[in-house]
Amino acid sequence: MTGDSWRKRRRELLEDDPEGLGDIAARLLDEMGTEDRDDEEIEAEHRANRLAAAREYAPDARLDEELQLRLTGPDTQGGALRFQWGDALLEPVEHAVSVAARTPVQLELTGISAGSTVVHARPVAPAVSSEPYALDAPLTSAASTGMSTLTELLAALESESDIREWARLFDSVETLSRALSKYDLDLGVTWYGADGGIRRARLTERGRRYVERLSETRDRDQPMTISGRITELRESGWVKVKTGTAKNAPAYDVRFEEPEELLRMRPALGDNVHFRIRFRQRLDSVGIARSTEYTYLGPAAEQTSLPLEP
């Protein structure tokens, strides 16, 4: 009996029994230790009990892992997955789980059911056992590790909390959030772990709006001087300067706001140059650099300009 069901039943006992027998029954149930638990806790306990019973016969037994993605929105009542939704949503979910797990995780679709649109998936395993409990897989899989981290991030987004500890996942979740907004969908995620545990999270309009705010960028500028040789150049006002002879030596793509200034220098491939440049990063609120650019400010002390012939 869930907490809400128990409270309702207790109230009925008290209201419908003026002679006090209901009060006696309610006290007895209280003394028995009835807990106020939600449906998720009850479902998790049932899975844990099922796993414990299986381990009485096979100590290494595990439950099947499953990922459920529940899509809700104006067009989901038929319980069908549109191709355009699948293309836009499923790959970012798989990528986010892989990034969270720090190793590639492949997911495969096992079914679609109604109740809005519910997508059922599972991790791809090298071999699939025909038995209800597989004995040859670890309880904590890469997919389980990834889903644990991903659900923590989604919960933080829904509560508009600080998410910097999950910054490496933000690009994947932002892609997922944009797709959900495009098709006016909310996402509910449920992960059923091999150890009987259940993890749930949602990404609704509130979370998606928070993602949008976090994606807004600000500029951070820093002047610097670079020296090296020209390896590429274009008349449109762009030059690549490599700072060393080693193959992995740093190289800078320097943009000239006025292309004539580059022509005035009469540069050639292989020339040594010394530039003052502005290093600009566009950072989002999570601290991720969305873009970087190097803009020419002028010659360094060793660099001289030549007049541009008419």
# chains A, B, ... in the order shown; residues from 1 in each chain; ligands from 1

$ select_by_dssp --residues "region 189-304 of chain A" --states "strand (DSSP E)" --output "PyMOL selection string"
chain A and resi 189-192+198-203+218-234+238-242+251-255+272-283+289-299

$ residues_around --residues "Gly237 (chain A)" --least-positions-apart "5" --cutoff "8 Å" --atoms "only C-alpha atoms" --output "CSV table (one decimal) with all heavy atoms, in the first residue's frame"
chain,number,residue,atom,x,y,z
A,255,ARG,N,42.9,36.0,-37.9
A,255,ARG,CA,42.1,36.8,-38.8
A,255,ARG,C,42.4,38.3,-38.8
A,255,ARG,O,42.6,38.9,-37.7
A,255,ARG,CB,40.6,36.6,-38.4
A,255,ARG,CG,39.6,37.3,-39.2
A,255,ARG,CD,38.2,37.0,-38.8
A,255,ARG,NE,37.9,37.5,-37.4
A,255,ARG,CZ,37.5,38.7,-37.2
A,255,ARG,NH1,37.2,39.6,-38.2
A,255,ARG,NH2,37.3,39.2,-36.0
A,256,PHE,N,42.5,38.9,-40.0
A,256,PHE,CA,42.7,40.3,-40.1
A,256,PHE,C,41.3,40.9,-40.4
A,256,PHE,O,40.6,40.6,-41.3
A,256,PHE,CB,43.6,40.6,-41.3
A,256,PHE,CG,45.1,40.3,-41.0
A,256,PHE,CD1,45.5,39.0,-40.8
A,256,PHE,CD2,46.0,41.4,-40.8
A,256,PHE,CE1,46.9,38.8,-40.5
A,256,PHE,CE2,47.3,41.1,-40.5
A,256,PHE,CZ,47.8,39.8,-40.4
A,257,GLU,N,40.9,41.9,-39.5
A,257,GLU,CA,39.7,42.6,-39.7
A,257,GLU,C,39.7,43.4,-41.0
A,257,GLU,O,38.6,43.6,-41.6
A,257,GLU,CB,39.3,43.4,-38.5
A,257,GLU,CG,39.1,42.6,-37.2
A,257,GLU,CD,38.7,43.5,-36.1
A,257,GLU,OE1,39.3,44.6,-35.9
A,257,GLU,OE2,37.9,43.1,-35.3
A,258,GLU,N,40.8,43.9,-41.4
A,258,GLU,CA,41.0,44.6,-42.7
A,258,GLU,C,42.0,43.8,-43.5
A,258,GLU,O,43.2,43.9,-43.3
A,258,GLU,CB,41.5,46.0,-42.4
A,258,GLU,CG,40.5,46.9,-41.6
A,258,GLU,CD,41.1,48.3,-41.4
A,258,GLU,OE1,42.1,48.6,-42.0
A,258,GLU,OE2,40.4,49.1,-40.7
A,259,PRO,N,41.5,43.1,-44.5
A,259,PRO,CA,42.4,42.3,-45.4
A,259,PRO,C,43.5,43.1,-46.0
A,259,PRO,O,44.6,42.5,-46.2
A,259,PRO,CB,41.5,41.7,-46.4
A,259,PRO,CG,40.1,41.7,-45.8
A,259,PRO,CD,40.1,42.9,-44.9
A,260,GLU,N,43.3,44.4,-46.3
A,260,GLU,CA,44.4,45.2,-46.9
A,260,GLU,C,45.6,45.2,-46.0
A,260,GLU,O,46.8,45.4,-46.5
A,260,GLU,CB,43.9,46.6,-47.2
A,260,GLU,CG,42.8,46.7,-48.2
A,260,GLU,CD,41.4,46.3,-47.7
A,260,GLU,OE1,41.3,46.1,-46.5
A,260,GLU,OE2,40.5,46.2,-48.5
A,262,LEU,N,46.9,42.8,-44.2
A,262,LEU,CA,47.7,41.7,-44.5
A,262,LEU,C,48.4,41.8,-45.9
A,262,LEU,O,49.6,41.5,-46.0
A,262,LEU,CB,46.8,40.4,-44.5
A,262,LEU,CG,47.5,39.1,-44.9
A,262,LEU,CD1,48.6,38.7,-44.0
A,262,LEU,CD2,46.4,38.0,-45.0

$ closest_residue --among "A:Asn272, A:Ser141, A:Thr204, A:Thr225" --to "Leu187 (chain A)" --atoms "only C-alpha atoms"
A:Thr204

$ closest_residue --among "A:Ile198, A:Ala61, A:Ile277, A:Val99" --to "His46 (chain A)" --atoms "only C-alpha atoms"
A:Ile198

$ closest_residue --among "A:Gly146, A:Pro92, A:Pro74, A:Pro299" --to "Arg178 (chain A)" --atoms "only C-alpha atoms"
A:Pro92

$ closest_residue --among "A:Trp238, A:Trp191, A:Tyr294, A:Tyr183" --to "Asp75 (chain A)" --atoms "only C-alpha atoms"
A:Tyr183

$ residues_around --residues "Ala125 (chain A)" --least-positions-apart "6" --cutoff "10 Å" --atoms "only C-alpha atoms" --output "ChimeraX atom specification"
/A:105-108,137

$ write_last_selection --atoms "N, CA and C atoms" --output "short mmCIF file (atom, residue, chain, number, x, y, z; two decimals), in the first residue's frame"
data_model
loop_
_atom_site.label_atom_id
_atom_site.label_comp_id
_atom_site.auth_asym_id
_atom_site.auth_seq_id
_atom_site.Cartn_x
_atom_site.Cartn_y
_atom_site.Cartn_z
N VAL A 105 29.04 3.25 -25.04
CA VAL A 105 27.90 2.41 -24.65
C VAL A 105 26.93 2.38 -25.83
N GLN A 106 26.62 1.19 -26.30
CA GLN A 106 25.65 1.04 -27.38
C GLN A 106 24.31 0.61 -26.80
N LEU A 107 23.25 1.26 -27.28
CA LEU A 107 21.90 0.91 -26.87
C LEU A 107 21.14 0.39 -28.06
N GLU A 108 20.21 -0.51 -27.81
CA GLU A 108 19.38 -1.03 -28.89
C GLU A 108 17.91 -0.96 -28.50
N ALA A 137 27.51 -11.34 -16.38
CA ALA A 137 27.74 -9.91 -16.54
C ALA A 137 27.89 -9.27 -15.17
#

$ closest_residue --among "A:Thr149, A:Thr231, A:Tyr192, A:Thr292" --to "Ala48 (chain A)" --atoms "only C-alpha atoms"
A:Tyr192

$ atom_distance --atom1 "CA of Glu91 (chain A)" --atom2 "CA of Ala121 (chain A)"
12.3 Å
